[in-house]
Amino acid sequence: MKTKVISPRIPTQLMMVEDLQMIKNSLEDDARIVEVTIHEEDVTGQNYSGLDVESSLFERSRFLDCDFKKASFVDVVFHNCDFSNSHFAKAYFHRCEFRNCKCLGTVFNEAVIKHVKIMDSTLKYASLNDAKFEYVEMNHCDLTEGSISETIHKNWKASECMFIGTNFFHTKLKDFDFSSCELENIIISDTLEEIRGIKINAIQALEAARLLGMKVV
């Protein structure tokens with residue numbers, strides 16, 4: 001039996017935090033932010049690199065063009081948040097959920113994403129190149145013109161997602177089930193190695209034929 005995605009473990013009582021940057025600055029370099037709620041914070045261009053958050057909730061907050069490089073999130077829920085144009089390069093996500101979030105142009109390159117659910121969210125133009133997915137579920141997500149290139153994945157599933165113009169260059173998708181998703185004009189290599197063995201529906205077969213240079217009459 002395949003292991004399911006493990007949900008975040010968050011206590012019912014959390015401390016409200018009004019200024020995440022101030023809390024980060026007050027901590028020692030190796031200290032964690034634990035059991036807090038970040039609520040309705042609205043910032044642009046802040047530096048949160050190396051942030052370490054555990055057993056916490058981010059809700060109704062905007063972090064635009066912020067730096068989260070090498071940040072760590074364990075048992076964290078992001079609900080109704082906007083991380084557009086922010087950078088999570090080499091970040092670590094374990095037992096996390098993104099619910100109704102906006103990650104427009106967000107960078108997750110080389111991130112480790114393990115036991116993570118992403119639901120009802122947009123990742124248009126987002127970059128997940130060289131990332132590592134393990135037990136990841138995406139439901140009702142828009143990855144239009146996003147980039148998932150040279151990404152390693154294990155037990156990654158997507159249902160009712162949009163992959164329009166998505167870049168899968170050198171990401172092998174054997175056995176990946178696209179049948180409930182919208183698949184159109186994806187970017188792959190000339191060898192077509194990425195799409196060998198994928199699962200698609202009859203309508204998507206026309207897109208596969210186009211990639212193979214076939215004409216359907």
# chains A, B, ... in the order shown; residues from 1 in each chain; ligands from 1
>>> select_by_dssp(residues="region 14-177 of chain A", states="strand (DSSP E or B)", output="PyMOL selection string")
chain A and resi 15-17+33-34+36-39+42-44+47+52-59+62-64+67+72-79+82+87+92-99+102+107+112-119+122+127+132-139+142+147+152-159+162-164+167+177
>>> atom_distance(atom1="CA of Ala31 (chain A)", atom2="CA of Ser72 (chain A)")
11.5 Å
>>> atom_distance(atom1="CA of Met162 (chain A)", atom2="CA of Cys66 (chain A)")
25.8 Å
>>> residues_around(residues="region 14-26 of chain A", least_positions_apart="4", cutoff="9 Å", atoms="only C-alpha atoms", output="PyMOL selection string")
chain A and resi 10+31-41+46-48+51-52+55-57
>>> residues_around(residues="His140 (chain A)", least_positions_apart="3", cutoff="8 Å", atoms="only C-alpha atoms", output="CSV table (one decimal) with N, CA and C atoms, in the first residue's frame")
chain,number,residue,atom,x,y,z
A,119,MET,N,-3.6,23.0,-2.8
A,119,MET,CA,-5.0,23.0,-3.2
A,119,MET,C,-5.6,24.3,-3.6
A,120,ASP,N,-6.3,24.4,-4.7
A,120,ASP,CA,-7.0,25.6,-5.1
A,120,ASP,C,-6.1,26.8,-5.2
A,121,SER,N,-4.9,26.6,-5.8
A,121,SER,CA,-3.9,27.6,-5.8
A,121,SER,C,-3.4,27.9,-7.2
A,159,SER,N,-4.5,16.4,-9.7
A,159,SER,CA,-5.9,16.2,-10.2
A,159,SER,C,-6.5,17.5,-10.5
A,160,GLU,N,-7.2,17.6,-11.7
A,160,GLU,CA,-7.9,18.8,-12.1
A,160,GLU,C,-7.0,20.0,-12.1
A,161,CYS,N,-5.8,19.9,-12.5
A,161,CYS,CA,-4.8,21.0,-12.6
A,161,CYS,C,-4.6,21.4,-14.1
A,162,MET,N,-4.1,22.7,-14.2
A,162,MET,CA,-3.9,23.2,-15.6
A,162,MET,C,-2.4,23.2,-15.8
>>> atom_distance(atom1="CA of Asn139 (chain A)", atom2="CA of Pro11 (chain A)")
25.0 Å
>>> closest_residue(among="A:Phe108, A:Phe68, A:Phe133, A:Phe168", to="Asp190 (chain A)", atoms="only C-alpha atoms")
A:Phe168
>>> closest_residue(among="A:Thr122, A:Ser61, A:Asn155, A:Asn185", to="Val136 (chain A)", atoms="only C-alpha atoms")
A:Asn155
>>> residues_around(residues="Leu128 (chain A)", least_positions_apart="4", cutoff="10 Å", atoms="only C-alpha atoms", output="list in words")
Phe88, Ala89, Thr106, Val107, Phe108, Asn109, Glu110, Ala111, Val112, Leu123, Lys132, Phe133, Gly146, Ser147, Ile148, Ser149, Glu150, Thr151, Asn167 and Phe168 of chain A
>>> residues_around(residues="Asn80 (chain A)", least_positions_apart="3", cutoff="9 Å", atoms="only C-alpha atoms", output="list of chain:residue names")
A:Phe58, A:Glu59, A:Arg60, A:Ser61, A:Arg62, A:Phe98, A:Arg99, A:Asn100, A:Cys101, A:Lys102, A:Ser121
>>> write_last_selection(atoms="N, CA and C atoms", output="PDB file, in the first residue's frame")
ATOM      1  N   PHE A  58       0.039  30.326   8.556  1.00  0.00           N
ATOM      2  CA  PHE A  58       0.065  31.610   7.845  1.00  0.00           C
ATOM      3  C   PHE A  58      -1.319  31.782   7.223  1.00  0.00           C
ATOM      4  N   GLU A  59      -2.006  32.867   7.506  1.00  0.00           N
ATOM      5  CA  GLU A  59      -3.331  33.041   6.926  1.00  0.00           C
ATOM      6  C   GLU A  59      -3.584  34.486   6.516  1.00  0.00           C
ATOM      7  N   ARG A  60      -4.237  34.626   5.370  1.00  0.00           N
ATOM      8  CA  ARG A  60      -4.660  35.926   4.825  1.00  0.00           C
ATOM      9  C   ARG A  60      -3.515  36.937   4.853  1.00  0.00           C
ATOM     10  N   SER A  61      -2.341  36.496   4.390  1.00  0.00           N
ATOM     11  CA  SER A  61      -1.161  37.354   4.404  1.00  0.00           C
ATOM     12  C   SER A  61      -0.566  37.470   3.015  1.00  0.00           C
ATOM     13  N   ARG A  62       0.140  38.602   2.781  1.00  0.00           N
ATOM     14  CA  ARG A  62       0.826  38.826   1.512  1.00  0.00           C
ATOM     15  C   ARG A  62       2.306  39.061   1.774  1.00  0.00           C
ATOM     16  N   PHE A  98      -0.742  24.170   1.245  1.00  0.00           N
ATOM     17  CA  PHE A  98      -1.047  25.470   0.646  1.00  0.00           C
ATOM     18  C   PHE A  98      -2.513  25.424   0.240  1.00  0.00           C
ATOM     19  N   ARG A  99      -3.352  26.254   0.852  1.00  0.00           N
ATOM     20  CA  ARG A  99      -4.775  26.272   0.567  1.00  0.00           C
ATOM     21  C   ARG A  99      -5.171  27.639   0.004  1.00  0.00           C
ATOM     22  N   ASN A 100      -5.671  27.631  -1.208  1.00  0.00           N
ATOM     23  CA  ASN A 100      -6.132  28.860  -1.848  1.00  0.00           C
ATOM     24  C   ASN A 100      -5.051  29.952  -1.797  1.00  0.00           C
ATOM     25  N   CYS A 101      -3.869  29.600  -2.253  1.00  0.00           N
ATOM     26  CA  CYS A 101      -2.741  30.537  -2.232  1.00  0.00           C
ATOM     27  C   CYS A 101      -2.383  31.005  -3.641  1.00  0.00           C
ATOM     28  N   LYS A 102      -1.725  32.150  -3.705  1.00  0.00           N
ATOM     29  CA  LYS A 102      -1.281  32.725  -4.967  1.00  0.00           C
ATOM     30  C   LYS A 102       0.247  32.744  -4.975  1.00  0.00           C
ATOM     31  N   SER A 121      -4.946  26.564  -5.759  1.00  0.00           N
ATOM     32  CA  SER A 121      -3.917  27.608  -5.775  1.00  0.00           C
ATOM     33  C   SER A 121      -3.417  27.858  -7.189  1.00  0.00           C
TER      34      SER A 121
END
>>> closest_residue(among="A:Asp42, A:Glu54, A:Glu137, A:Asp82", to="Ile6 (chain A)", atoms="only C-alpha atoms")
A:Glu137
